[in-house]
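Content type mmCIF, C-alpha atoms, from the file structure_27.cif:
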data_model
#
loop_
_atom_site.label_atom_id
_atom_site.label_comp_id
_atom_site.auth_asym_id
_atom_site.auth_seq_id
_atom_site.Cartn_x
_atom_site.Cartn_y
_atom_site.Cartn_z
CA MET A 2 30.76 -16.37 67.05
CA THR A 3 31.10 -17.17 63.34
CA MET A 4 28.91 -20.28 63.73
CA LEU A 5 26.32 -18.27 65.65
CA ILE A 6 26.16 -15.61 62.95
CA ILE A 7 25.87 -18.20 60.19
CA GLY A 8 23.22 -20.10 62.15
CA LEU A 9 21.15 -16.94 62.61
CA LEU A 10 21.55 -16.11 58.93
CA LEU A 11 20.28 -19.57 57.90
CA LEU A 12 17.36 -19.25 60.34
CA ILE A 13 16.39 -15.90 58.82
CA LEU A 14 16.59 -17.40 55.33
CA ALA A 15 14.31 -20.25 56.44
CA LEU A 16 11.79 -17.81 57.92
CA PHE A 17 11.75 -15.88 54.64
CA GLY A 18 10.90 -19.03 52.69
CA ALA A 19 14.25 -20.37 51.51
CA PRO A 20 13.83 -24.01 50.35
CA LEU A 21 14.47 -26.50 53.11
CA PHE A 22 16.99 -28.50 51.07
CA VAL A 23 19.09 -25.33 50.63
CA ILE A 24 19.21 -24.76 54.39
CA ILE A 25 20.02 -28.40 55.13
CA SER A 26 22.71 -28.50 52.43
CA ALA A 27 24.30 -25.30 53.68
CA VAL A 28 24.46 -26.59 57.24
CA ALA A 29 25.91 -29.92 56.10
CA LEU A 30 28.60 -28.44 53.86
CA LEU A 31 29.54 -25.85 56.46
CA ALA A 32 29.82 -28.50 59.16
CA PHE A 33 32.08 -30.69 56.99
CA HIS A 34 34.24 -27.66 56.16
CA LEU A 35 34.70 -26.68 59.80
CA ALA A 36 35.52 -30.30 60.67
CA GLU A 37 38.11 -30.28 57.87
CA ILE A 38 36.43 -33.23 56.14
CA ALA A 39 36.32 -33.27 52.33
CA SER A 40 32.81 -32.61 51.00
CA SER A 41 33.33 -35.56 48.65
CA ALA A 42 32.26 -37.74 51.61
CA VAL A 43 28.70 -36.59 50.96
CA ILE A 44 28.82 -37.63 47.30
CA ILE A 45 30.26 -41.04 48.17
CA GLU A 46 27.40 -41.70 50.59
CA LEU A 47 24.85 -40.52 48.04
CA TYR A 48 26.27 -42.89 45.45
CA ARG A 49 25.92 -45.75 47.92
CA LEU A 50 22.32 -44.78 48.59
CA ALA A 51 21.48 -44.33 44.89
CA SER A 52 22.82 -47.80 44.12
CA GLN A 53 20.19 -49.44 46.35
CA PRO A 54 17.53 -51.11 44.18
CA VAL A 55 14.71 -50.20 46.59
CA LEU A 56 15.03 -46.54 45.52
CA ILE A 57 13.27 -47.50 42.27
CA ALA A 58 10.04 -48.17 44.21
CA ILE A 59 9.63 -44.47 45.06
CA PRO A 60 8.92 -43.10 41.55
CA LEU A 61 6.83 -46.15 40.62
CA PHE A 62 4.48 -45.98 43.62
CA THR A 63 4.34 -42.16 43.32
CA PHE A 64 3.30 -42.43 39.68
CA ALA A 65 0.59 -44.97 40.56
CA GLY A 66 -0.69 -42.73 43.36
CA TYR A 67 -0.95 -39.70 41.11
CA MET A 68 -2.74 -41.73 38.45
CA LEU A 69 -5.35 -42.72 41.03
CA ALA A 70 -5.62 -39.14 42.34
CA GLU A 71 -6.21 -37.65 38.88
CA SER A 72 -8.78 -40.26 37.86
CA ASN A 73 -12.29 -40.87 39.17
CA THR A 74 -10.97 -43.33 41.73
CA PRO A 75 -11.88 -41.01 44.67
CA LYS A 76 -15.54 -40.98 43.58
CA ARG A 77 -15.64 -44.75 43.07
CA LEU A 78 -13.96 -45.29 46.42
CA VAL A 79 -16.45 -43.06 48.24
CA ASN A 80 -19.40 -44.73 46.49
CA LEU A 81 -18.16 -48.18 47.49
CA SER A 82 -17.51 -47.15 51.10
CA ARG A 83 -20.93 -45.52 51.28
CA ALA A 84 -22.60 -48.64 49.95
CA LEU A 85 -20.88 -50.67 52.70
CA PHE A 86 -21.22 -48.30 55.67
CA GLY A 87 -23.66 -45.55 54.70
CA TRP A 88 -26.66 -47.29 56.29
CA MET A 89 -25.21 -46.95 59.82
CA PRO A 90 -25.88 -43.97 62.13
CA GLY A 91 -22.70 -42.00 61.61
CA GLY A 92 -21.94 -44.24 58.66
CA LEU A 93 -20.91 -41.40 56.35
CA ALA A 94 -18.21 -40.43 58.86
CA ILE A 95 -16.89 -43.99 58.65
CA VAL A 96 -17.04 -43.72 54.87
CA ALA A 97 -14.83 -40.62 55.06
CA LEU A 98 -12.33 -42.30 57.40
CA VAL A 99 -12.01 -45.48 55.34
CA SER A 100 -11.86 -43.65 52.01
CA CYS A 101 -9.20 -41.21 53.24
CA ALA A 102 -7.09 -43.99 54.75
CA ILE A 103 -7.07 -46.05 51.56
CA PHE A 104 -6.48 -43.04 49.33
CA THR A 105 -3.57 -41.71 51.43
CA ALA A 106 -1.96 -45.16 51.42
CA PHE A 107 -1.74 -45.08 47.64
CA THR A 108 -0.93 -41.39 47.11
CA GLY A 109 1.50 -41.22 50.06
CA ALA A 110 0.55 -37.60 50.71
CA SER A 111 -2.08 -36.56 53.24
CA GLY A 112 -2.42 -33.09 51.71
CA VAL A 113 -3.48 -34.62 48.40
CA THR A 114 -6.17 -36.59 50.25
CA ILE A 115 -7.62 -33.45 51.85
CA ILE A 116 -7.67 -31.66 48.50
CA ALA A 117 -9.11 -34.58 46.49
CA LEU A 118 -11.44 -36.36 48.92
CA GLY A 119 -12.09 -33.44 51.26
CA GLY A 120 -13.63 -31.42 48.47
CA LEU A 121 -15.76 -34.42 47.54
CA LEU A 122 -16.88 -35.44 51.04
CA TYR A 123 -17.31 -32.10 52.82
CA PRO A 124 -20.46 -30.96 50.96
CA VAL A 125 -21.89 -34.50 51.22
CA LEU A 126 -21.39 -34.50 55.01
CA LEU A 127 -23.11 -31.11 55.33
CA GLU A 128 -25.93 -32.23 53.04
CA ASP A 129 -26.53 -35.23 55.31
CA ARG A 130 -26.76 -32.88 58.34
CA TYR A 131 -23.39 -33.58 59.91
CA PRO A 132 -22.25 -30.55 61.96
CA GLU A 133 -19.81 -28.26 60.17
CA LYS A 134 -17.25 -28.30 63.00
CA PHE A 135 -17.36 -32.10 63.22
CA SER A 136 -17.00 -32.46 59.44
CA LEU A 137 -14.02 -30.11 59.28
CA GLY A 138 -12.23 -31.89 62.13
CA LEU A 139 -12.97 -35.32 60.68
CA LEU A 140 -11.60 -34.56 57.21
CA THR A 141 -8.56 -32.67 58.48
CA ALA A 142 -7.55 -35.43 60.90
CA SER A 143 -8.31 -38.17 58.37
CA GLY A 144 -5.71 -36.97 55.90
CA ASN A 145 -2.86 -38.84 57.59
CA LEU A 146 -4.58 -42.15 58.40
CA GLY A 147 -3.22 -44.10 55.45
CA LEU A 148 0.46 -43.37 56.14
CA LEU A 149 0.81 -46.69 57.98
CA PHE A 150 -0.83 -48.78 55.26
CA PRO A 151 1.08 -50.25 52.29
CA PRO A 152 2.22 -49.06 49.83
CA SER A 153 2.63 -45.74 51.65
CA LEU A 154 5.61 -43.80 50.31
CA PRO A 155 6.82 -42.71 53.80
CA ILE A 156 7.09 -46.39 54.79
CA ILE A 157 9.34 -47.08 51.79
CA LEU A 158 11.47 -44.03 52.53
CA TYR A 159 11.79 -44.92 56.22
CA GLY A 160 12.88 -48.45 55.35
CA LEU A 161 15.43 -47.07 52.91
CA ILE A 162 16.97 -44.62 55.39
CA ALA A 163 16.78 -46.92 58.42
CA GLN A 164 17.90 -49.98 56.45
CA THR A 165 14.89 -51.85 57.79
CA SER A 166 12.90 -54.43 55.82
CA ILE A 167 10.20 -52.62 53.84
CA ASP A 168 8.23 -55.87 53.57
CA GLN A 169 8.12 -56.09 57.37
CA LEU A 170 7.19 -52.42 57.72
CA PHE A 171 4.32 -52.90 55.26
CA LEU A 172 2.97 -55.75 57.36
CA ALA A 173 3.65 -54.07 60.71
CA GLY A 174 1.63 -50.97 59.87
CA ILE A 175 -1.64 -52.79 59.11
CA LEU A 176 -2.92 -53.32 62.67
CA PRO A 177 -1.80 -49.92 64.09
CA GLY A 178 -3.33 -48.16 61.07
CA THR A 179 -6.55 -50.13 61.49
CA LEU A 180 -6.62 -49.23 65.20
CA MET A 181 -6.59 -45.52 64.34
CA VAL A 182 -9.45 -45.91 61.86
CA VAL A 183 -11.52 -48.03 64.27
CA LEU A 184 -11.09 -45.69 67.26
CA LEU A 185 -12.01 -42.65 65.18
CA SER A 186 -15.02 -44.51 63.75
CA ILE A 187 -16.24 -45.44 67.24
CA TYR A 188 -15.86 -41.83 68.36
CA ALA A 189 -17.77 -40.57 65.31
CA VAL A 190 -20.70 -42.94 65.90
CA PHE A 191 -20.91 -42.16 69.64
CA TYR A 192 -20.62 -38.42 68.98
CA ILE A 193 -23.57 -38.45 66.59
CA ARG A 194 -25.64 -40.53 69.01
CA SER A 195 -24.70 -38.63 72.18
CA LYS A 196 -25.51 -35.26 70.65
CA LYS A 197 -28.78 -36.69 69.32
CA ILE A 198 -27.96 -35.27 65.90
CA THR A 199 -30.33 -36.40 63.16
CA VAL A 200 -28.30 -37.40 60.14
CA PHE A 201 -29.42 -39.14 57.00
CA ALA A 202 -28.48 -42.82 57.00
CA LYS A 203 -29.20 -44.04 53.51
CA LYS A 204 -30.07 -47.69 53.23
CA THR A 205 -28.19 -49.64 50.62
CA ASP A 206 -29.86 -52.53 48.87
CA SER A 207 -28.02 -55.37 47.20
CA LYS A 208 -28.36 -53.76 43.76
CA GLN A 209 -26.68 -50.54 44.87
CA LEU A 210 -23.91 -52.46 46.58
CA TRP A 211 -23.31 -54.62 43.52
CA LYS A 212 -23.24 -51.51 41.31
CA ALA A 213 -20.61 -49.87 43.56
CA VAL A 214 -18.54 -53.06 43.59
CA LYS A 215 -18.69 -53.33 39.80
CA GLU A 216 -17.69 -49.67 39.36
CA ALA A 217 -14.61 -50.14 41.55
CA GLY A 218 -14.08 -53.72 40.46
CA TRP A 219 -10.67 -53.06 38.92
CA GLU A 220 -9.39 -51.03 41.87
CA ILE A 221 -10.56 -53.32 44.68
CA PRO A 222 -7.87 -55.96 43.93
CA LEU A 223 -4.98 -53.47 44.34
CA PRO A 224 -4.29 -54.12 48.06
CA VAL A 225 -4.58 -57.87 47.44
CA ILE A 226 -2.15 -57.70 44.53
CA ILE A 227 0.42 -55.77 46.56
CA LEU A 228 0.19 -57.63 49.89
CA GLY A 229 -0.64 -61.02 48.40
CA GLY A 230 2.17 -60.74 45.87
CA ILE A 231 4.79 -59.70 48.43
CA TYR A 232 3.89 -62.06 51.25
CA GLY A 233 2.90 -64.87 48.92
CA GLY A 234 6.45 -64.83 47.64
CA PHE A 235 5.51 -63.89 44.06
CA PHE A 236 7.51 -60.65 43.98
CA THR A 237 9.49 -58.24 46.13
CA ALA A 238 8.40 -54.77 47.26
CA ILE A 239 10.31 -53.26 44.32
CA GLU A 240 8.62 -55.59 41.84
CA ALA A 241 5.30 -54.83 43.54
CA ALA A 242 5.86 -51.15 42.73
CA ALA A 243 6.37 -51.98 39.04
CA VAL A 244 3.31 -54.25 38.96
CA THR A 245 1.18 -51.59 40.70
CA ALA A 246 2.29 -48.81 38.36
CA PHE A 247 1.60 -50.91 35.25
CA TYR A 248 -1.75 -52.19 36.58
CA VAL A 249 -2.96 -48.68 37.50
CA PHE A 250 -1.82 -47.32 34.14
CA VAL A 251 -3.76 -49.99 32.24
CA ILE A 252 -7.01 -49.70 34.20
CA GLU A 253 -7.12 -45.89 34.32
CA VAL A 254 -6.08 -45.27 30.70
CA PHE A 255 -7.54 -48.22 28.79
CA ILE A 256 -10.33 -49.68 30.96
CA TYR A 257 -11.89 -46.76 32.86
CA LYS A 258 -10.48 -44.25 30.35
CA ASP A 259 -10.38 -41.57 33.08
CA ILE A 260 -6.97 -40.40 31.88
CA SER A 261 -6.31 -39.55 28.27
CA LEU A 262 -2.89 -40.40 26.85
CA LYS A 263 -2.99 -37.25 24.73
CA LYS A 264 -4.32 -34.71 27.25
CA ASP A 265 -3.84 -35.91 30.83
CA PHE A 266 -1.07 -38.49 30.95
CA SER A 267 1.86 -36.11 30.45
CA ASN A 268 0.54 -33.85 33.21
CA VAL A 269 0.26 -36.79 35.64
CA VAL A 270 3.80 -37.90 34.86
CA ARG A 271 5.12 -34.37 35.30
CA GLN A 272 3.38 -33.80 38.65
CA SER A 273 4.41 -37.16 40.08
CA MET A 274 8.03 -36.82 39.01
CA VAL A 275 8.24 -33.28 40.43
CA LEU A 276 7.38 -34.81 43.81
CA VAL A 277 9.94 -37.57 43.29
CA GLY A 278 12.55 -35.00 42.29
CA GLY A 279 11.79 -32.98 45.41
CA ILE A 280 12.19 -36.08 47.58
CA LEU A 281 15.52 -36.96 45.98
CA VAL A 282 16.85 -33.41 46.38
CA ILE A 283 15.87 -33.35 50.07
CA LEU A 284 17.30 -36.86 50.42
CA ALA A 285 20.63 -35.70 49.00
CA ALA A 286 20.80 -32.71 51.32
CA ALA A 287 19.64 -34.60 54.39
CA MET A 288 22.09 -37.45 53.87
CA GLY A 289 24.94 -34.96 53.96
CA LEU A 290 23.75 -33.53 57.27
CA ALA A 291 23.05 -36.99 58.72
CA ASN A 292 26.53 -38.19 57.74
CA TYR A 293 28.16 -35.27 59.49
CA MET A 294 26.15 -35.84 62.68
CA ILE A 295 27.08 -39.52 62.69
CA ASP A 296 30.76 -38.73 62.04
CA ALA A 297 30.66 -36.15 64.83
CA ASP A 298 29.17 -38.74 67.24
CA VAL A 299 26.06 -36.60 67.74
CA PRO A 300 23.80 -39.65 68.41
CA SER A 301 26.30 -40.94 70.98
CA ASP A 302 26.48 -37.56 72.69
CA ILE A 303 22.68 -37.35 72.81
CA LEU A 304 22.53 -40.87 74.23
CA VAL A 305 25.03 -40.05 76.97
CA PHE A 306 23.08 -36.90 77.80
CA MET A 307 19.75 -38.75 77.91
CA GLN A 308 21.10 -41.55 80.07
CA LYS A 309 21.78 -38.97 82.78
CA PHE A 310 18.10 -38.08 82.96
CA VAL A 311 16.26 -41.05 81.40
CA SER A 312 16.90 -44.49 82.77
CA SER A 313 13.95 -46.47 81.42
CA LYS A 314 12.52 -47.45 78.07
CA VAL A 315 9.14 -45.98 79.04
CA GLY A 316 10.69 -42.61 79.82
CA PHE A 317 12.56 -42.59 76.52
CA LEU A 318 9.39 -43.39 74.57
CA ILE A 319 7.55 -40.50 76.24
CA ILE A 320 10.30 -38.06 75.26
CA LEU A 321 10.48 -39.59 71.77
CA ASN A 322 6.75 -39.14 71.17
CA ILE A 323 6.79 -35.50 72.30
CA PHE A 324 9.84 -34.78 70.16
CA LEU A 325 8.39 -36.45 67.06
CA LEU A 326 5.02 -34.68 67.40
CA ILE A 327 6.88 -31.37 67.40
CA VAL A 328 8.96 -32.47 64.39
CA GLY A 329 5.76 -33.54 62.60
CA CYS A 330 4.35 -30.04 63.06
CA LEU A 331 7.43 -28.24 61.80
CA MET A 332 8.70 -30.44 58.95
CA ASP A 333 7.20 -32.37 56.09
CA ILE A 334 7.33 -36.12 56.63
CA PHE A 335 9.97 -36.79 53.96
CA SER A 336 12.44 -34.26 55.39
CA ALA A 337 11.79 -35.48 58.93
CA ILE A 338 12.49 -39.09 57.99
CA MET A 339 15.75 -38.25 56.29
CA VAL A 340 17.07 -35.86 58.93
CA VAL A 341 15.86 -37.39 62.20
CA VAL A 342 15.90 -41.16 61.61
CA PRO A 343 19.72 -41.58 61.49
CA ILE A 344 19.95 -39.78 64.85
CA ILE A 345 17.28 -41.65 66.80
CA ILE A 346 17.96 -45.20 65.57
CA PRO A 347 21.12 -45.84 67.65
CA ILE A 348 19.50 -44.24 70.70
CA ALA A 349 16.36 -46.37 70.34
CA GLU A 350 18.45 -49.51 69.89
CA SER A 351 20.23 -48.81 73.19
CA PHE A 352 16.84 -48.92 74.92
CA GLY A 353 15.95 -52.24 73.23
CA ILE A 354 13.27 -50.93 70.87
CA HIS A 355 12.63 -53.16 67.85
CA PRO A 356 13.58 -51.30 64.63
CA VAL A 357 10.27 -52.15 62.94
CA HIS A 358 8.28 -51.01 66.00
CA LEU A 359 10.34 -47.80 66.02
CA GLY A 360 9.38 -47.20 62.39
CA ILE A 361 5.66 -47.48 63.15
CA ILE A 362 5.99 -45.17 66.16
CA PHE A 363 7.92 -42.70 64.03
CA LEU A 364 5.41 -42.62 61.17
CA ALA A 365 2.37 -42.54 63.49
CA ASN A 366 3.81 -39.51 65.31
CA LEU A 367 4.64 -37.61 62.16
CA GLY A 368 1.20 -38.31 60.72
CA ILE A 369 -0.51 -36.94 63.83
CA GLY A 370 1.87 -33.98 63.84
CA TYR A 371 0.49 -33.00 60.43
CA SER A 372 -2.81 -32.07 62.10
CA THR A 373 -1.45 -30.73 65.40
CA PRO A 374 -1.82 -26.99 66.17
CA PRO A 375 -0.40 -24.47 65.78
CA VAL A 376 1.58 -25.20 62.59
CA GLY A 377 0.55 -28.68 61.42
CA MET A 378 0.62 -28.69 57.61
CA ASN A 379 -2.80 -30.31 57.17
CA LEU A 380 -4.45 -27.52 59.15
CA PHE A 381 -3.32 -24.94 56.61
CA ILE A 382 -4.18 -27.17 53.64
CA ALA A 383 -7.68 -27.74 55.07
CA SER A 384 -8.07 -24.03 55.81
CA PHE A 385 -7.28 -23.28 52.17
CA ARG A 386 -9.41 -26.13 50.75
CA PHE A 387 -12.52 -25.48 52.86
CA GLU A 388 -12.05 -21.67 52.98
CA LYS A 389 -12.28 -21.55 56.77
CA PRO A 390 -10.23 -19.58 59.33
CA ILE A 391 -7.26 -21.50 60.70
CA LEU A 392 -8.47 -20.97 64.30
CA LYS A 393 -11.71 -22.75 63.41
CA LEU A 394 -9.66 -25.71 62.15
CA TYR A 395 -7.70 -25.77 65.43
CA ALA A 396 -10.89 -26.13 67.47
CA ALA A 397 -12.44 -28.65 65.08
CA THR A 398 -9.49 -31.07 65.10
CA ILE A 399 -8.86 -31.24 68.87
CA PRO A 400 -11.35 -34.08 69.67
CA PHE A 401 -9.96 -36.17 66.81
CA LEU A 402 -6.38 -35.47 67.90
CA ILE A 403 -7.19 -36.75 71.37
CA ILE A 404 -8.39 -40.04 69.86
CA LEU A 405 -5.29 -40.24 67.66
CA LEU A 406 -3.02 -39.59 70.65
CA LEU A 407 -4.80 -42.38 72.52
CA SER A 408 -4.10 -44.72 69.62
CA LEU A 409 -0.47 -43.53 69.61
CA ILE A 410 -0.11 -44.50 73.26
CA ILE A 411 -1.44 -47.99 72.48
CA ILE A 412 0.87 -48.33 69.46
CA THR A 413 3.87 -47.14 71.48
CA TYR A 414 3.44 -49.25 74.59
CA ILE A 415 1.99 -52.40 73.05
CA PRO A 416 4.73 -53.36 70.56
CA ASP A 417 3.01 -56.67 69.75
CA LEU A 418 0.40 -54.69 67.84
CA SER A 419 3.10 -53.80 65.32
CA LEU A 420 5.18 -56.96 65.56
CA VAL A 421 2.65 -59.80 65.77
CA LEU A 422 2.23 -60.11 61.99
CA ILE A 423 5.98 -60.27 61.28
CA GLU A 424 6.93 -62.80 63.97
#

Mind turning the file's structure into structure tokens?
Amino acid sequence: MTMLIIGLLLLILALFGAPLFVIISAVALLAFHLAEIASSAVIIELYRLASQPVLIAIPLFTFAGYMLAESNTPKRLVNLSRALFGWMPGGLAIVALVSCAIFTAFTGASGVTIIALGGLLYPVLLEDRYPEKFSLGLLTASGNLGLLFPPSLPIILYGLIAQTSIDQLFLAGILPGTLMVVLLSIYAVFYIRSKKITVFAKKTDSKQLWKAVKEAGWEIPLPVIILGGIYGGFFTAIEAAAVTAFYVFVIEVFIYKDISLKKDFSNVVRQSMVLVGGILVILAAAMGLANYMIDADVPSDILVFMQKFVSSKVGFLIILNIFLLIVGCLMDIFSAIMVVVPIIIPIAESFGIHPVHLGIIFLANLGIGYSTPPVGMNLFIASFRFEKPILKLYAATIPFLIILLLSLIIITYIPDLSLVLIE
């Protein structure tokens, strides 16, 4: 009865807007107390986690992402994508998909992409006669596309929590992420053609293309530096974070001069480190809860329960996808990684699922969950950014969600798509 009352109290606090880390911490500390385990066990585990060198990559990549977000990189990225794909029927839709995917990969936050690129691309799409409903759905669903591409922050965090090679996760996400972009691009082109919608397809001559390439000339090498450096053996993922942060700082402050050291730099540092601080606080709280559940054999109990009803790997993956889509709707991706990953890893291992493949499935689900009605976070961010009713966003995103769910099925049941580049 006491546990029930406390549980209801915590639920009420959550509904009234209490910070998630407070709720998670309260549950963890209460659980340890009732199990008569010293709360110092939480601190010991946190110290072990904090001593891992890979943790340093989080603030470095976050800083680089915020530098790019606060500069004119979004405009240069859109101009370059438009020069490459704008001539095609439906080409501007492809521009939006590619730009959003790349931008999310570097910022690590799909909401930032909708705010930064959505505000830039939405009026352009309408100006070029793309339907309003189509444009809203496209930009809302595109916000999560880059979560599978390096150096996505969720990939780093997943590797840290799951103790899985971040280098392998970086490589494994490339083909699944590309699949999502390609399938959505095909749908966009066929939609425009099938509806016989007349949109402006602006031809790009060699001069315009060269101008766009020159404008983004310092930003184009970033993916090559990161992937080439890591897989060429020049530096580790942690060193890649330091190189990326320094490179972005130099080009945005001293070459492009988009960010002033006197006016803008301190604000960028503050915003990026607030996000990092939030992640670390949630990480601390979630690790306490995860430790209790592991000590209490919760994953083993769940496994025993599931084995009574699920006897195959295929059946487990179906349940896993449904569960993770729900989690993606209800929780932000950082909290979900830290709370859920320690529980599902031992269960997935018992069904013979490769840990890297599991990571890609996990991140793909959570990304799609961001745009899934009724409470996907990106739906509310898009509603605020585009000043449209939330119900209109629900209807607009459904066709794109169907395509993303199709790609999720392919990613889930064709593990070679994730594993071929690491084997």

Using the chain letters and numbers from the file, which residues does the PyMOL selection byres ((chain A and resi 98) around 8) grab, as an mmCIF file with C-alpha atoms, in the frame of the given file?
data_model
loop_
_atom_site.group_PDB
_atom_site.id
_atom_site.type_symbol
_atom_site.label_atom_id
_atom_site.label_comp_id
_atom_site.auth_asym_id
_atom_site.auth_seq_id
_atom_site.Cartn_x
_atom_site.Cartn_y
_atom_site.Cartn_z
ATOM 1 C CA ALA A 94 -18.210 -40.430 58.860
ATOM 2 C CA ILE A 95 -16.890 -43.990 58.650
ATOM 3 C CA VAL A 96 -17.040 -43.720 54.870
ATOM 4 C CA ALA A 97 -14.830 -40.620 55.060
ATOM 5 C CA VAL A 99 -12.010 -45.480 55.340
ATOM 6 C CA SER A 100 -11.860 -43.650 52.010
ATOM 7 C CA CYS A 101 -9.200 -41.210 53.240
ATOM 8 C CA ALA A 102 -7.090 -43.990 54.750
ATOM 9 C CA LEU A 139 -12.970 -35.320 60.680
ATOM 10 C CA LEU A 140 -11.600 -34.560 57.210
ATOM 11 C CA SER A 143 -8.310 -38.170 58.370
ATOM 12 C CA LEU A 146 -4.580 -42.150 58.400
ATOM 13 C CA VAL A 182 -9.450 -45.910 61.860
ATOM 14 C CA LEU A 185 -12.010 -42.650 65.180
ATOM 15 C CA SER A 186 -15.020 -44.510 63.750
#

Within 9 Å of stretch 155-173 of chain A, which residues of stretch 202-276 of chain A come that close, and what is the closest atom pair and distance in Å for each? Count all atoms listed in the file and give it as JSON lines.
{"residue": "A:Leu228", "atom": "CA", "partner": "A:Leu172", "partner_atom": "CA", "distance": 8.2}
{"residue": "A:Ile231", "atom": "CA", "partner": "A:Asp168", "partner_atom": "CA", "distance": 7.3}
{"residue": "A:Tyr232", "atom": "CA", "partner": "A:Asp168", "partner_atom": "CA", "distance": 7.9}
{"residue": "A:Thr237", "atom": "CA", "partner": "A:Asp168", "partner_atom": "CA", "distance": 7.9}
{"residue": "A:Ala238", "atom": "CA", "partner": "A:Asp168", "partner_atom": "CA", "distance": 6.4}

Those selected residues, please, written with C-alpha atoms and delivered as a PDB file, in the frame of the given file.
ATOM      1  CA  LEU A 228       0.190 -57.630  49.890  1.00  0.00           C
ATOM      2  CA  ILE A 231       4.790 -59.700  48.430  1.00  0.00           C
ATOM      3  CA  TYR A 232       3.890 -62.060  51.250  1.00  0.00           C
ATOM      4  CA  THR A 237       9.490 -58.240  46.130  1.00  0.00           C
ATOM      5  CA  ALA A 238       8.400 -54.770  47.260  1.00  0.00           C
TER       6      ALA A 238
END

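Remark: for A:Ile338, the closest of the candidate residues A:Pro374, A:Gly120, A:Pro152, A:Gly368 is A:Gly368 (distances computed over all atoms listed in the file).
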
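Take the candidates A:Ser273, A:Asn145, A:Ser372, A:Ser351 and check each one against A:Lys314 using all atoms listed in the file; the shortest distance goes to A:Ser351.
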
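The coordinates place atom CA of A:Ser408 at 6.8 Å from atom CA of A:Leu180.
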
List every protein, DNA or RNA residue with an atom no more than 12 Å from (-8.8, -39.6, 33.1) in the file's coordinates, counting all atoms listed in the file, and format the result as a VMD selection string.
chain A and resid 67 to 74 249 to 269

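Of note, atom CA of A:Phe64 and atom CA of A:Val275 are spaced 10.4 Å apart.
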
For the atom pair atom CA of A:Leu81 and atom CA of A:Leu210, what is the interatomic distance in Å to one decimal place?
7.2 Å

Once the PyMOL selection byres ((chain A and resi 387-399) around 8) is applied to the coordinates I shared, what remains selected? I want it as an MDAnalysis selection string.
chainID A and resid 120 134:135 137:139 141:142 372:375 380:381 383:386 400:403

Which residues are near A:Val113? Cut-off 10 Å, only C-alpha atoms, ignore same chain within fewer than 6 positions. Put them as a PyMOL selection string.
chain A and resi 66-67+70+101+104-105+119+144+379+382

Write the residues of the preceding selection, restricted to C-alpha atoms, as an mmCIF file, keeping the file's coordinate frame.
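The resulting file, out-v7.cif, is reproduced below:
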data_model
loop_
_atom_site.group_PDB
_atom_site.id
_atom_site.type_symbol
_atom_site.label_atom_id
_atom_site.label_comp_id
_atom_site.auth_asym_id
_atom_site.auth_seq_id
_atom_site.Cartn_x
_atom_site.Cartn_y
_atom_site.Cartn_z
ATOM 1 C CA GLY A 66 -0.690 -42.730 43.360
ATOM 2 C CA TYR A 67 -0.950 -39.700 41.110
ATOM 3 C CA ALA A 70 -5.620 -39.140 42.340
ATOM 4 C CA CYS A 101 -9.200 -41.210 53.240
ATOM 5 C CA PHE A 104 -6.480 -43.040 49.330
ATOM 6 C CA THR A 105 -3.570 -41.710 51.430
ATOM 7 C CA GLY A 119 -12.090 -33.440 51.260
ATOM 8 C CA GLY A 144 -5.710 -36.970 55.900
ATOM 9 C CA ASN A 379 -2.800 -30.310 57.170
ATOM 10 C CA ILE A 382 -4.180 -27.170 53.640
#
